[in-house]
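J.: Input structure11.cif, format and content: mmCIF, C-alpha atoms.
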```
data_work
#
loop_
_atom_site.label_atom_id
_atom_site.label_comp_id
_atom_site.auth_asym_id
_atom_site.auth_seq_id
_atom_site.Cartn_x
_atom_site.Cartn_y
_atom_site.Cartn_z
CA MET A 1 -14.42 -11.53 -20.10
CA ALA A 2 -11.01 -11.56 -18.52
CA ARG A 3 -8.98 -8.47 -19.28
CA PHE A 4 -5.24 -8.68 -19.90
CA SER A 5 -2.75 -5.84 -20.02
CA ARG A 6 -1.20 -5.26 -23.44
CA SER A 7 1.44 -2.74 -22.38
CA SER A 8 5.16 -3.51 -22.51
CA ALA A 9 5.40 -3.09 -18.76
CA PRO A 10 4.79 -6.30 -16.83
CA ARG A 11 1.46 -6.36 -15.03
CA LEU A 12 1.34 -8.14 -11.72
CA LEU A 13 -1.94 -9.70 -10.63
CA TYR A 14 -2.28 -10.02 -14.38
CA ALA A 15 -5.73 -11.53 -14.95
CA LEU A 16 -8.39 -9.06 -13.89
CA TYR A 17 -12.06 -8.89 -14.79
CA SER A 18 -13.44 -5.56 -15.94
CA SER A 19 -15.42 -5.82 -12.70
CA PRO A 20 -13.20 -6.89 -9.76
CA SER A 21 -12.55 -10.61 -9.74
CA ARG A 22 -12.66 -13.04 -6.85
CA ALA A 23 -10.14 -15.38 -5.34
CA ALA A 24 -10.83 -18.91 -4.25
CA SER A 25 -7.75 -20.88 -3.29
CA LEU A 26 -3.99 -20.77 -2.85
CA LEU A 27 -1.57 -22.82 -4.84
CA GLY A 28 1.75 -23.34 -3.08
CA GLY A 29 4.80 -24.98 -4.51
CA ALA A 30 8.16 -24.52 -6.14
CA PHE A 31 9.00 -22.91 -9.43
CA HIS A 32 10.75 -24.14 -12.56
CA LEU A 33 13.26 -21.89 -14.28
CA ARG A 34 13.72 -21.64 -18.04
CA HIS A 35 16.48 -20.22 -20.23
CA LEU A 36 16.39 -16.66 -21.53
CA SER A 37 14.75 -16.18 -24.88
CA ALA A 38 16.69 -14.54 -27.72
CA GLY A 39 14.80 -11.30 -27.20
CA ASN A 40 15.57 -11.24 -23.51
CA VAL A 41 19.25 -11.92 -24.17
CA ALA A 42 19.36 -8.93 -26.52
CA ARG A 43 17.68 -6.72 -23.96
CA ALA A 44 20.07 -7.95 -21.26
CA LYS A 45 23.07 -6.91 -23.38
CA ALA A 46 21.52 -3.52 -24.04
CA ALA A 47 20.88 -3.06 -20.32
CA ALA A 48 24.62 -3.22 -19.63
CA GLU A 49 25.16 -0.23 -21.89
CA LYS A 50 22.23 1.98 -20.93
CA GLU A 51 19.34 2.32 -18.51
CA PRO A 52 17.17 -0.85 -18.49
CA TRP A 53 14.10 -0.44 -20.71
CA TRP A 54 11.80 -1.67 -17.94
CA LYS A 55 13.16 0.34 -15.00
CA GLU A 56 10.87 3.37 -15.17
CA SER A 57 7.70 1.32 -15.61
CA MET A 58 8.58 -0.90 -12.64
CA GLU A 59 9.36 2.11 -10.44
CA ARG A 60 5.89 3.43 -11.22
CA LEU A 61 4.11 0.29 -10.08
CA ARG A 62 2.68 -0.49 -6.64
CA ASN A 63 1.09 -3.78 -5.54
CA ILE A 64 -0.84 -3.22 -2.33
CA GLY A 65 -3.53 -4.81 -0.19
CA ILE A 66 -6.07 -3.22 2.14
CA SER A 67 -6.71 -5.18 5.34
CA ALA A 68 -8.41 -4.56 8.68
CA HIS A 69 -10.85 -5.78 11.29
CA ILE A 70 -14.43 -6.17 10.09
CA ASP A 71 -16.39 -2.92 9.65
CA SER A 72 -13.30 -0.70 9.74
CA GLY A 73 -14.12 0.70 6.31
CA LYS A 74 -11.82 -1.21 3.94
CA THR A 75 -14.30 -1.58 1.09
CA THR A 76 -15.56 1.98 1.51
CA LEU A 77 -11.96 3.19 1.31
CA THR A 78 -11.34 1.14 -1.83
CA GLU A 79 -14.51 2.58 -3.39
CA ARG A 80 -13.14 6.11 -2.88
CA VAL A 81 -9.75 5.13 -4.24
CA LEU A 82 -11.37 3.85 -7.42
CA TYR A 83 -13.49 7.00 -7.71
CA TYR A 84 -10.65 9.50 -7.23
CA THR A 85 -8.41 7.61 -9.66
CA GLY A 86 -11.12 7.61 -12.34
CA ARG A 87 -11.77 3.86 -12.40
CA ILE A 88 -15.43 4.40 -11.51
CA HIS A 89 -17.60 7.47 -12.01
CA GLU A 90 -20.14 7.01 -9.22
CA ILE A 91 -19.77 6.19 -5.53
CA HIS A 92 -21.98 3.47 -4.10
CA GLU A 93 -22.02 2.54 -0.45
CA VAL A 94 -21.82 -0.83 1.26
CA ARG A 95 -25.48 -1.75 1.84
CA GLY A 96 -26.45 1.57 0.25
CA ARG A 97 -30.06 2.60 -0.23
CA ASP A 98 -29.73 2.43 -4.00
CA GLY A 99 -29.18 -1.33 -3.77
CA VAL A 100 -26.16 -1.21 -6.07
CA GLY A 101 -23.49 -1.80 -3.45
CA ALA A 102 -19.76 -1.08 -3.52
CA LYS A 103 -17.83 -1.96 -6.65
CA MET A 104 -15.62 -4.48 -4.86
CA ASP A 105 -18.60 -6.38 -3.44
CA SER A 106 -19.57 -8.29 -6.56
CA MET A 107 -21.22 -11.27 -4.84
CA ASP A 108 -24.93 -11.01 -4.06
CA LEU A 109 -24.31 -12.32 -0.55
CA GLU A 110 -21.71 -9.63 0.07
CA ARG A 111 -24.14 -6.91 -0.98
CA GLU A 112 -26.85 -8.43 1.19
CA LYS A 113 -24.72 -8.82 4.33
CA GLY A 114 -22.52 -5.77 3.80
CA ILE A 115 -19.27 -7.67 4.38
CA THR A 116 -16.39 -8.83 2.18
CA ILE A 117 -16.25 -12.61 1.88
CA GLN A 118 -13.58 -13.15 -0.78
CA SER A 119 -10.62 -11.01 -1.76
CA ALA A 120 -11.27 -8.77 -4.74
CA ALA A 121 -8.55 -7.51 -7.09
CA THR A 122 -8.58 -4.34 -9.14
CA TYR A 123 -6.17 -1.69 -10.40
CA CYS A 124 -6.05 2.06 -10.85
CA THR A 125 -3.74 4.90 -11.87
CA TRP A 126 -2.74 7.80 -9.64
CA LYS A 127 -0.38 10.55 -10.83
CA ASP A 128 1.08 8.31 -13.56
CA TYR A 129 1.64 5.44 -11.11
CA LYS A 130 -0.12 2.12 -11.60
CA ILE A 131 -1.55 0.63 -8.42
CA ASN A 132 -2.80 -2.96 -8.17
CA ILE A 133 -5.12 -3.39 -5.18
CA ILE A 134 -6.49 -6.40 -3.33
CA ASP A 135 -9.40 -5.66 -0.97
CA THR A 136 -9.39 -8.40 1.67
CA PRO A 137 -12.09 -9.62 4.08
CA GLY A 138 -12.09 -8.49 7.71
CA HIS A 139 -14.14 -11.30 9.24
CA VAL A 140 -12.17 -13.93 11.15
CA ASP A 141 -13.87 -16.75 9.22
CA PHE A 142 -12.26 -15.56 5.99
CA THR A 143 -8.78 -14.74 7.30
CA ILE A 144 -7.22 -17.26 4.88
CA GLU A 145 -8.13 -14.82 2.10
CA VAL A 146 -5.84 -12.24 3.72
CA GLU A 147 -3.08 -14.85 3.96
CA ARG A 148 -3.29 -15.60 0.23
CA ALA A 149 -3.19 -11.94 -0.71
CA LEU A 150 -0.27 -10.95 1.50
CA ARG A 151 1.87 -13.66 -0.06
CA VAL A 152 2.07 -11.71 -3.33
CA LEU A 153 1.85 -8.08 -2.17
CA ASP A 154 4.70 -5.59 -2.00
CA GLY A 155 2.98 -3.25 0.47
CA ALA A 156 -0.23 -2.90 2.45
CA ILE A 157 -2.59 -0.47 4.17
CA LEU A 158 -3.76 -1.45 7.66
CA VAL A 159 -7.09 0.28 8.31
CA LEU A 160 -7.98 1.04 11.95
CA CYS A 161 -11.29 2.40 13.23
CA SER A 162 -10.90 5.65 15.19
CA VAL A 163 -13.66 4.53 17.57
CA GLY A 164 -13.07 0.76 17.90
CA GLY A 165 -9.28 1.08 17.78
CA VAL A 166 -7.08 -1.99 17.53
CA GLN A 167 -9.36 -5.04 17.55
CA SER A 168 -8.84 -8.78 17.43
CA GLN A 169 -8.63 -9.13 13.67
CA SER A 170 -6.38 -6.07 13.49
CA ILE A 171 -3.87 -8.04 15.55
CA THR A 172 -4.24 -11.11 13.32
CA VAL A 173 -3.82 -9.13 10.10
CA ASP A 174 -0.78 -7.29 11.45
CA ARG A 175 0.79 -10.61 12.45
CA GLN A 176 0.28 -11.89 8.90
CA MET A 177 1.93 -8.77 7.49
CA ARG A 178 4.93 -9.36 9.74
CA ARG A 179 5.13 -12.99 8.66
CA TYR A 180 5.40 -12.04 4.98
CA GLU A 181 7.58 -8.99 5.72
CA VAL A 182 5.18 -6.55 4.05
CA PRO A 183 5.94 -2.82 4.52
CA ARG A 184 2.75 -1.02 5.44
CA LEU A 185 0.95 2.22 6.17
CA ALA A 186 -1.74 2.63 8.81
CA PHE A 187 -4.92 4.57 8.09
CA ILE A 188 -7.09 5.65 11.03
CA ASN A 189 -10.56 5.82 9.51
CA LYS A 190 -13.96 7.16 10.58
CA LEU A 191 -12.78 10.41 12.20
CA ASP A 192 -16.28 11.77 11.59
CA ARG A 193 -17.91 9.33 14.03
CA MET A 194 -18.90 10.15 17.58
CA GLY A 195 -16.17 9.09 19.99
CA ALA A 196 -13.39 9.26 17.39
CA ASP A 197 -9.96 9.49 19.04
CA PRO A 198 -7.02 8.94 16.65
CA TRP A 199 -4.38 9.49 19.35
CA LYS A 200 -5.88 6.70 21.45
CA VAL A 201 -5.74 4.39 18.42
CA LEU A 202 -2.13 5.39 17.69
CA ASN A 203 -1.14 4.51 21.27
CA GLN A 204 -2.98 1.18 20.97
CA ALA A 205 -1.07 0.39 17.78
CA ARG A 206 2.19 1.06 19.62
CA SER A 207 1.28 -1.05 22.64
CA LYS A 208 -0.83 -3.89 21.19
CA LEU A 209 0.75 -4.21 17.75
CA ARG A 210 4.24 -3.11 18.80
CA HIS A 211 4.29 -0.60 15.96
CA HIS A 212 7.10 1.89 15.82
CA SER A 213 4.84 4.54 14.34
CA ALA A 214 3.94 8.21 14.34
CA ALA A 215 1.27 10.37 12.76
CA ILE A 216 1.96 11.92 9.37
CA GLN A 217 -1.15 14.09 9.71
CA VAL A 218 -3.16 15.93 12.36
CA PRO A 219 -6.97 16.18 11.96
CA ILE A 220 -8.64 19.56 11.86
CA GLY A 221 -11.52 18.87 14.22
CA LEU A 222 -13.15 15.54 15.03
CA GLU A 223 -16.61 13.95 14.85
CA ASP A 224 -19.11 16.42 13.33
CA ASP A 225 -16.42 19.13 13.27
CA PHE A 226 -13.96 17.11 11.18
CA LYS A 227 -13.00 19.48 8.37
CA GLY A 228 -9.62 18.46 7.01
CA LEU A 229 -6.03 17.47 7.78
CA VAL A 230 -2.68 19.10 8.43
CA ASP A 231 0.29 17.45 6.72
CA LEU A 232 3.17 17.28 9.21
CA VAL A 233 5.76 16.80 6.45
CA GLN A 234 4.77 19.68 4.18
CA LEU A 235 3.19 21.78 6.97
CA LYS A 236 0.10 22.46 4.88
CA ALA A 237 -3.61 22.13 5.65
CA TYR A 238 -5.80 20.12 3.29
CA TYR A 239 -9.54 20.60 2.89
CA PHE A 240 -11.74 18.41 0.72
CA HIS A 241 -14.42 20.27 -1.21
CA GLY A 242 -16.93 19.23 -3.85
CA SER A 243 -19.89 16.89 -3.67
CA ASN A 244 -17.60 13.87 -3.20
CA GLY A 245 -14.49 15.51 -1.77
CA GLU A 246 -12.76 15.41 -5.14
CA LYS A 247 -11.34 18.94 -4.91
CA VAL A 248 -8.39 19.15 -2.51
CA VAL A 249 -7.75 22.73 -1.34
CA THR A 250 -4.34 23.52 0.21
CA GLU A 251 -4.08 26.28 2.80
CA GLU A 252 -1.77 27.37 5.59
CA VAL A 253 -1.89 25.67 8.98
CA PRO A 254 -4.68 27.18 11.15
CA THR A 255 -3.27 29.58 13.72
CA ASP A 256 -4.95 27.85 16.66
CA MET A 257 -3.28 24.54 15.70
CA GLU A 258 0.31 25.73 15.28
CA ALA A 259 1.42 24.56 18.75
CA LEU A 260 -0.13 21.09 18.33
CA VAL A 261 1.31 20.73 14.82
CA ALA A 262 4.80 21.69 16.04
CA GLU A 263 4.56 19.14 18.86
CA LYS A 264 3.38 16.30 16.60
CA ARG A 265 5.96 17.12 13.93
CA ARG A 266 8.76 16.95 16.48
CA GLU A 267 7.34 13.62 17.69
CA LEU A 268 7.37 12.35 14.09
CA ILE A 269 10.99 13.42 13.58
CA GLU A 270 12.11 11.90 16.89
CA THR A 271 10.36 8.59 16.14
CA VAL A 272 11.85 8.26 12.66
CA SER A 273 15.31 9.35 13.79
CA GLU A 274 15.37 6.46 16.27
CA VAL A 275 15.53 4.02 13.33
CA ASP A 276 17.23 6.12 10.64
CA ASP A 277 20.87 7.12 11.11
CA ILE A 278 20.87 9.85 8.46
CA LEU A 279 17.95 11.71 10.04
CA ALA A 280 19.30 11.06 13.55
CA GLU A 281 22.59 12.72 12.67
CA ALA A 282 20.78 15.82 11.41
CA PHE A 283 18.38 15.85 14.37
CA LEU A 284 21.10 15.48 17.02
CA GLY A 285 23.12 18.17 15.27
CA ASP A 286 20.22 20.62 15.72
CA GLU A 287 19.88 21.00 11.97
CA THR A 288 16.60 22.20 10.51
CA ILE A 289 14.62 19.18 9.30
CA THR A 290 12.93 20.05 6.01
CA ALA A 291 10.23 18.25 4.03
CA ALA A 292 12.94 17.00 1.66
CA ASP A 293 14.65 15.23 4.57
CA LEU A 294 11.46 13.33 5.37
CA GLU A 295 9.74 12.80 2.05
CA PRO A 296 11.44 11.07 -0.88
CA VAL A 297 12.31 12.19 -4.35
CA VAL A 298 10.43 9.23 -5.85
CA ASP A 299 11.41 9.40 -9.51
CA GLY A 300 14.67 7.61 -10.24
CA VAL A 301 15.14 6.41 -6.67
CA VAL A 302 14.93 2.69 -6.02
CA GLY A 303 16.20 0.78 -2.99
CA LYS A 304 16.17 -2.90 -2.17
CA ILE A 305 14.85 -4.71 0.88
CA VAL A 306 17.04 -7.53 2.12
CA ALA A 307 14.53 -10.17 3.20
CA GLY A 308 15.05 -11.51 6.67
CA GLU A 309 17.42 -8.76 7.75
CA GLY A 310 14.81 -6.05 8.17
CA ALA A 311 17.08 -3.41 6.66
CA ALA A 312 16.83 -1.49 3.42
CA VAL A 313 19.94 -1.25 1.30
CA CYS A 314 20.76 0.28 -2.03
CA THR A 315 21.00 -1.64 -5.27
CA GLY A 316 24.68 -1.53 -6.15
CA ILE A 317 25.35 1.63 -4.11
CA GLU A 318 26.44 1.98 -0.49
CA GLN A 319 23.96 3.45 2.00
CA GLY A 320 26.38 6.21 2.91
CA ASN A 321 26.33 7.66 -0.60
CA HIS A 322 24.16 10.57 -1.70
CA TRP A 323 21.86 8.20 -3.62
CA TRP A 324 20.42 6.66 -0.46
CA SER A 325 20.18 9.97 1.38
CA THR A 326 17.78 11.32 -1.27
CA VAL A 327 15.22 8.59 -0.60
CA GLY A 328 13.74 10.42 2.39
CA ALA A 329 13.85 9.26 6.00
CA ILE A 330 10.25 8.08 6.23
CA ARG A 331 10.54 6.00 3.08
CA ARG A 332 13.87 4.52 4.17
CA ALA A 333 12.44 3.48 7.53
CA THR A 334 9.21 2.16 5.99
CA LEU A 335 11.00 0.02 3.41
CA ALA A 336 13.19 -1.36 6.18
CA GLN A 337 10.00 -2.26 8.11
CA LYS A 338 11.24 -0.22 11.06
CA PHE A 339 8.57 2.47 10.91
CA ILE A 340 4.87 2.67 10.02
CA PRO A 341 3.50 6.05 8.85
CA VAL A 342 0.01 6.76 10.19
CA PHE A 343 -2.51 8.56 7.98
CA MET A 344 -5.96 9.75 9.02
CA GLY A 345 -9.32 10.55 7.47
CA SER A 346 -12.89 9.46 6.87
CA ALA A 347 -13.50 7.43 3.73
CA PHE A 348 -17.27 7.68 4.15
CA LYS A 349 -17.11 11.48 4.36
CA ASN A 350 -14.62 11.63 1.45
CA LYS A 351 -11.76 13.12 3.46
CA GLY A 352 -8.14 12.04 3.55
CA VAL A 353 -8.12 9.49 0.71
CA GLN A 354 -6.05 11.47 -1.80
CA PRO A 355 -3.18 12.09 0.68
CA LEU A 356 -3.25 8.37 1.48
CA LEU A 357 -2.77 7.61 -2.23
CA ASP A 358 0.20 9.99 -2.22
CA GLY A 359 1.53 8.05 0.76
CA VAL A 360 1.26 4.77 -1.17
CA ILE A 361 3.41 6.26 -3.92
CA ASN A 362 5.88 8.00 -1.60
CA TYR A 363 6.42 5.36 1.07
CA LEU A 364 5.52 1.87 -0.18
CA PRO A 365 7.92 -0.15 -2.37
CA CYS A 366 7.78 -0.91 -6.05
CA PRO A 367 8.34 -4.54 -7.20
CA ILE A 368 12.10 -4.19 -7.67
CA GLU A 369 12.53 -2.87 -4.12
CA VAL A 370 11.51 -6.16 -2.50
CA SER A 371 13.10 -9.59 -2.51
CA ASN A 372 11.23 -12.60 -3.89
CA TYR A 373 12.50 -16.17 -3.76
CA ALA A 374 11.83 -19.37 -5.68
CA LEU A 375 12.95 -22.99 -5.24
CA ASP A 376 15.07 -24.45 -8.03
CA GLN A 377 13.88 -28.06 -8.41
CA THR A 378 16.91 -28.94 -10.54
CA LYS A 379 19.17 -28.19 -7.54
CA ASN A 380 17.35 -29.99 -4.75
CA GLU A 381 14.99 -27.05 -4.20
CA GLU A 382 17.78 -24.60 -3.57
CA LYS A 383 16.51 -21.14 -2.61
CA VAL A 384 17.03 -18.66 -5.44
CA GLU A 385 16.53 -14.90 -5.18
CA LEU A 386 14.53 -13.55 -8.12
CA PRO A 387 15.90 -10.40 -9.75
CA GLY A 388 12.50 -8.78 -10.29
CA SER A 389 13.64 -7.89 -13.79
CA PRO A 390 11.73 -8.57 -17.03
CA ASP A 391 15.11 -9.49 -18.52
CA GLY A 392 15.43 -12.53 -16.26
CA PRO A 393 14.00 -16.04 -16.62
CA LEU A 394 10.24 -16.40 -16.41
CA VAL A 395 9.10 -17.33 -12.90
CA ALA A 396 5.45 -17.12 -11.89
CA LEU A 397 3.33 -18.02 -8.86
CA ALA A 398 -0.26 -19.15 -9.42
CA PHE A 399 -1.70 -17.98 -6.13
CA LYS A 400 -5.47 -17.97 -6.71
CA LEU A 401 -8.03 -19.95 -8.63
CA GLU A 402 -11.57 -18.93 -9.43
CA GLU A 403 -14.26 -21.08 -10.97
CA GLY A 404 -16.71 -18.69 -12.61
CA ARG A 405 -19.10 -18.40 -15.50
CA PHE A 406 -16.16 -18.13 -17.91
CA GLY A 407 -14.47 -21.24 -16.57
CA GLN A 408 -11.38 -21.40 -14.39
CA LEU A 409 -9.48 -18.16 -13.92
CA THR A 410 -5.93 -18.34 -12.56
CA TYR A 411 -4.25 -15.38 -10.89
CA LEU A 412 -0.50 -15.14 -11.44
CA ARG A 413 2.16 -13.06 -9.77
CA TYR A 414 5.24 -12.57 -11.93
CA PRO A 415 8.20 -11.88 -9.62
CA SER A 416 10.57 -12.28 -12.57
CA PRO A 417 8.78 -12.11 -15.92
#
```
Can you dump the structure from the file as structure tokens?

T.:
Amino acid sequence: MARFSRSSAPRLLYALYSSPSRAASLLGGAFHLRHLSAGNVARAKAAAEKEPWWKESMERLRNIGISAHIDSGKTTLTERVLYYTGRIHEIHEVRGRDGVGAKMDSMDLEREKGITIQSAATYCTWKDYKINIIDTPGHVDFTIEVERALRVLDGAILVLCSVGGVQSQSITVDRQMRRYEVPRLAFINKLDRMGADPWKVLNQARSKLRHHSAAIQVPIGLEDDFKGLVDLVQLKAYYFHGSNGEKVVTEEVPTDMEALVAEKRRELIETVSEVDDILAEAFLGDETITAADLEPVVDGVVGKIVAGEGAAVCTGIEQGNHWWSTVGAIRRATLAQKFIPVFMGSAFKNKGVQPLLDGVINYLPCPIEVSNYALDQTKNEEKVELPGSPDGPLVALAFKLEEGRFGQLTYLRYPSP
């Protein structure tokens, strides 16, 4: 049966099966606006006097998609995300020997061929943050599924293979993300494979995709010697122990990697400072750049992306104020779509997934940090910016239809419920 959220917080991608559901088609069109209900009017008055009742729940919500070229490891990555967040209790591989298949591959044909054919939606919880996820196909024949998903997502993860690098569908998916102005992270996967070279892939992303990006992590070994990751922001080494990599052990940076880590951290700071004035001022002034300068204080900090301008601004507060400076340089640049943080790991070997989830929380926007627009049919389809507030008029986009055994299932995105 279809499962619906009963919490007071609005759930985007609202209709979800207990097993991940499938998408079939896109419904475009304008929206109709309605008047505020009595309850919403009361809440709107209360919001003027105190903190909005919905603010904290919206700040702790992320709507993301996972996209890549075929066989880059998207579905395998999603399987690990679901496992580490407690949504599933066993890991099954794509075309695994047990015949069960990955959780997101619910179609028999997908399990047989080992590819994703239709987008699958699910949700999970990580460190008290709710994350809605759409796993999209990588094959060029199903690229329209990626298009439908990106229309309603606030952020995305672009998965790149450390051996194959930037491939044809990687370019297509990245172009779609640009079209819908979706802030994104990059994840260089499969560092355990022979021939893995994350620095080659990073340079390809810069040249072929025109990414202004830098590594957030440095791998500890590659191929069969891949053991863990060094976080360039916190300057800590992470190792992933346990039968499924569920235990993350934090240690100091290995002595033999200190020079490389210092070099890559300086490269990260230089790259971000090129697009962030606050960090550039500190960098050019020879100030010590700390982790707090790079990584945000997430709780209570919400910015707003101005669509079409490519710049992040504060909601009701000037960028020069202390409020905006506490967001963290990497998050500021990512929200402004001027920088793409690059994470690394091996989903198949259960390494690097938990730090990537932290990156989703730290660097990708919540629903009230992005701008959504509707067309008011009563005013000759005038473009109207949606507030992203549950106190506003109800506006919804039916973006997917599915005809299944329970009848027709409609997926809705509520930009302003």

J.: Considering all atoms listed in the file, return as an NGL selection string whatever protein or nucleic-acid residues lie within 7 Å of stretch 153-165 of chain A, sequence-local ones (same chain, fewer than 3 positions apart) excluded.

T.: :A and (63-68 or 72 or 74 or 149-150 or 182-191 or 195-198 or 201 or 364-367 or 370)

J.: Between atom CA of A:Ser243 and atom CA of A:Gly345, what is the distance in Å, rounded to a tenth?

T.: 16.6 Å

J.: Give me, as a JSON list (two decimals) with C-alpha atoms, in the frame of the given file, all polymer residues having an atom no more than 8 Å from A:Val249, counting all atoms listed in the file and skipping those fewer than 6 positions away in the same chain.

T.:
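Result file selection07.json:
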```
[["chain", "number", "residue", "atom", "x", "y", "z"],
["A", 238, "TYR", "CA", -5.80, 20.12, 3.29],
["A", 239, "TYR", "CA", -9.54, 20.60, 2.89],
["A", 240, "PHE", "CA", -11.74, 18.41, 0.72],
["A", 241, "HIS", "CA", -14.42, 20.27, -1.21]]
```

J.: Compare A:Asn203, A:Gln176, A:Thr78, A:Ser389 by their minimum atom-to-atom distance to A:Ser371, counting all atoms listed in the file, and give me the closest one.

T.: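 Among A:Asn203, A:Gln176, A:Thr78, A:Ser389, it is A:Ser389 that comes nearest to A:Ser371.
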
J.: State, in Å with one decimal place, the distance from atom CA of A:Arg265 to atom CA of A:Pro341.

T.: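 According to the coordinates, atom CA of A:Arg265 and atom CA of A:Pro341 are separated by 12.4 Å.
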
J.: Could you give me, as a PDB file with C-alpha atoms, in the coordinates of the input, the residues within 10 Å of stretch 127-130 of chain A, counting only C-alpha atoms and dropping anything in the same chain fewer than 2 positions from it?

T.:
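Here's the written file out13.pdb:
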```pdb
ATOM      1  CA  ARG A  11       1.460  -6.360 -15.030  1.00  0.00           C
ATOM      2  CA  SER A  57       7.700   1.320 -15.610  1.00  0.00           C
ATOM      3  CA  MET A  58       8.580  -0.900 -12.640  1.00  0.00           C
ATOM      4  CA  GLU A  59       9.360   2.110 -10.440  1.00  0.00           C
ATOM      5  CA  ARG A  60       5.890   3.430 -11.220  1.00  0.00           C
ATOM      6  CA  LEU A  61       4.110   0.290 -10.080  1.00  0.00           C
ATOM      7  CA  ARG A  62       2.680  -0.490  -6.640  1.00  0.00           C
ATOM      8  CA  ASN A  63       1.090  -3.780  -5.540  1.00  0.00           C
ATOM      9  CA  THR A  85      -8.410   7.610  -9.660  1.00  0.00           C
ATOM     10  CA  TYR A 123      -6.170  -1.690 -10.400  1.00  0.00           C
ATOM     11  CA  CYS A 124      -6.050   2.060 -10.850  1.00  0.00           C
ATOM     12  CA  THR A 125      -3.740   4.900 -11.870  1.00  0.00           C
ATOM     13  CA  ASN A 132      -2.800  -2.960  -8.170  1.00  0.00           C
ATOM     14  CA  ILE A 133      -5.120  -3.390  -5.180  1.00  0.00           C
ATOM     15  CA  LEU A 357      -2.770   7.610  -2.230  1.00  0.00           C
ATOM     16  CA  ASP A 358       0.200   9.990  -2.220  1.00  0.00           C
ATOM     17  CA  VAL A 360       1.260   4.770  -1.170  1.00  0.00           C
ATOM     18  CA  ILE A 361       3.410   6.260  -3.920  1.00  0.00           C
TER      19      ILE A 361
END
```

J.: Find, counting only C-alpha atoms, the residue in A:Ser213, A:Thr410, A:Asn380, A:Ser346 that gets nearest to A:Leu77.

T.: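 Among A:Ser213, A:Thr410, A:Asn380, A:Ser346, it is A:Ser346 that comes nearest to A:Leu77.
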
J.: Could you name the residues that touch A:Leu294 at 6 Å or less, counting only C-alpha atoms, but leaving out those on the same chain fewer than 5 positions away, as a VMD selection string?

T.: chain A and resid 328 to 330

J.: Just checking: using all atoms listed in the file, which residue out of A:Asp224, A:Trp54, A:Val166, A:Gly404 ends up closest to A:Ile368?

T.: A:Trp54

J.: Could you add the missing atoms to stretch 235-244 of chain A, up to N, CA, C and O atoms, and return them as a CSV table (one decimal), in the frame of the given file?

T.:
```csv
chain,number,residue,atom,x,y,z
A,235,LEU,N,3.7,20.7,6.2
A,235,LEU,CA,3.2,21.8,7.0
A,235,LEU,C,2.2,22.6,6.2
A,235,LEU,O,2.2,23.8,6.1
A,236,LYS,N,1.2,21.9,5.6
A,236,LYS,CA,0.1,22.5,4.9
A,236,LYS,C,-1.2,21.8,5.4
A,236,LYS,O,-1.2,20.7,5.8
A,237,ALA,N,-2.3,22.6,5.3
A,237,ALA,CA,-3.6,22.1,5.6
A,237,ALA,C,-4.4,21.8,4.4
A,237,ALA,O,-4.3,22.5,3.4
A,238,TYR,N,-5.0,20.6,4.4
A,238,TYR,CA,-5.8,20.1,3.3
A,238,TYR,C,-7.3,20.1,3.6
A,238,TYR,O,-7.7,19.5,4.7
A,239,TYR,N,-8.1,20.6,2.8
A,239,TYR,CA,-9.5,20.6,2.9
A,239,TYR,C,-10.1,19.9,1.6
A,239,TYR,O,-9.6,20.1,0.5
A,240,PHE,N,-11.2,19.2,1.8
A,240,PHE,CA,-11.7,18.4,0.7
A,240,PHE,C,-13.1,18.9,0.4
A,240,PHE,O,-14.1,18.7,1.1
A,241,HIS,N,-13.2,19.6,-0.8
A,241,HIS,CA,-14.4,20.3,-1.2
A,241,HIS,C,-15.0,19.5,-2.4
A,241,HIS,O,-14.4,18.6,-2.9
A,242,GLY,N,-16.2,19.9,-2.8
A,242,GLY,CA,-16.9,19.2,-3.8
A,242,GLY,C,-17.9,18.2,-3.3
A,242,GLY,O,-17.9,17.9,-2.1
A,243,SER,N,-18.8,17.8,-4.1
A,243,SER,CA,-19.9,16.9,-3.7
A,243,SER,C,-19.4,15.6,-3.1
A,243,SER,O,-19.9,14.9,-2.3
A,244,ASN,N,-18.2,15.1,-3.7
A,244,ASN,CA,-17.6,13.9,-3.2
A,244,ASN,C,-16.2,14.1,-2.7
A,244,ASN,O,-15.4,13.1,-2.7
```
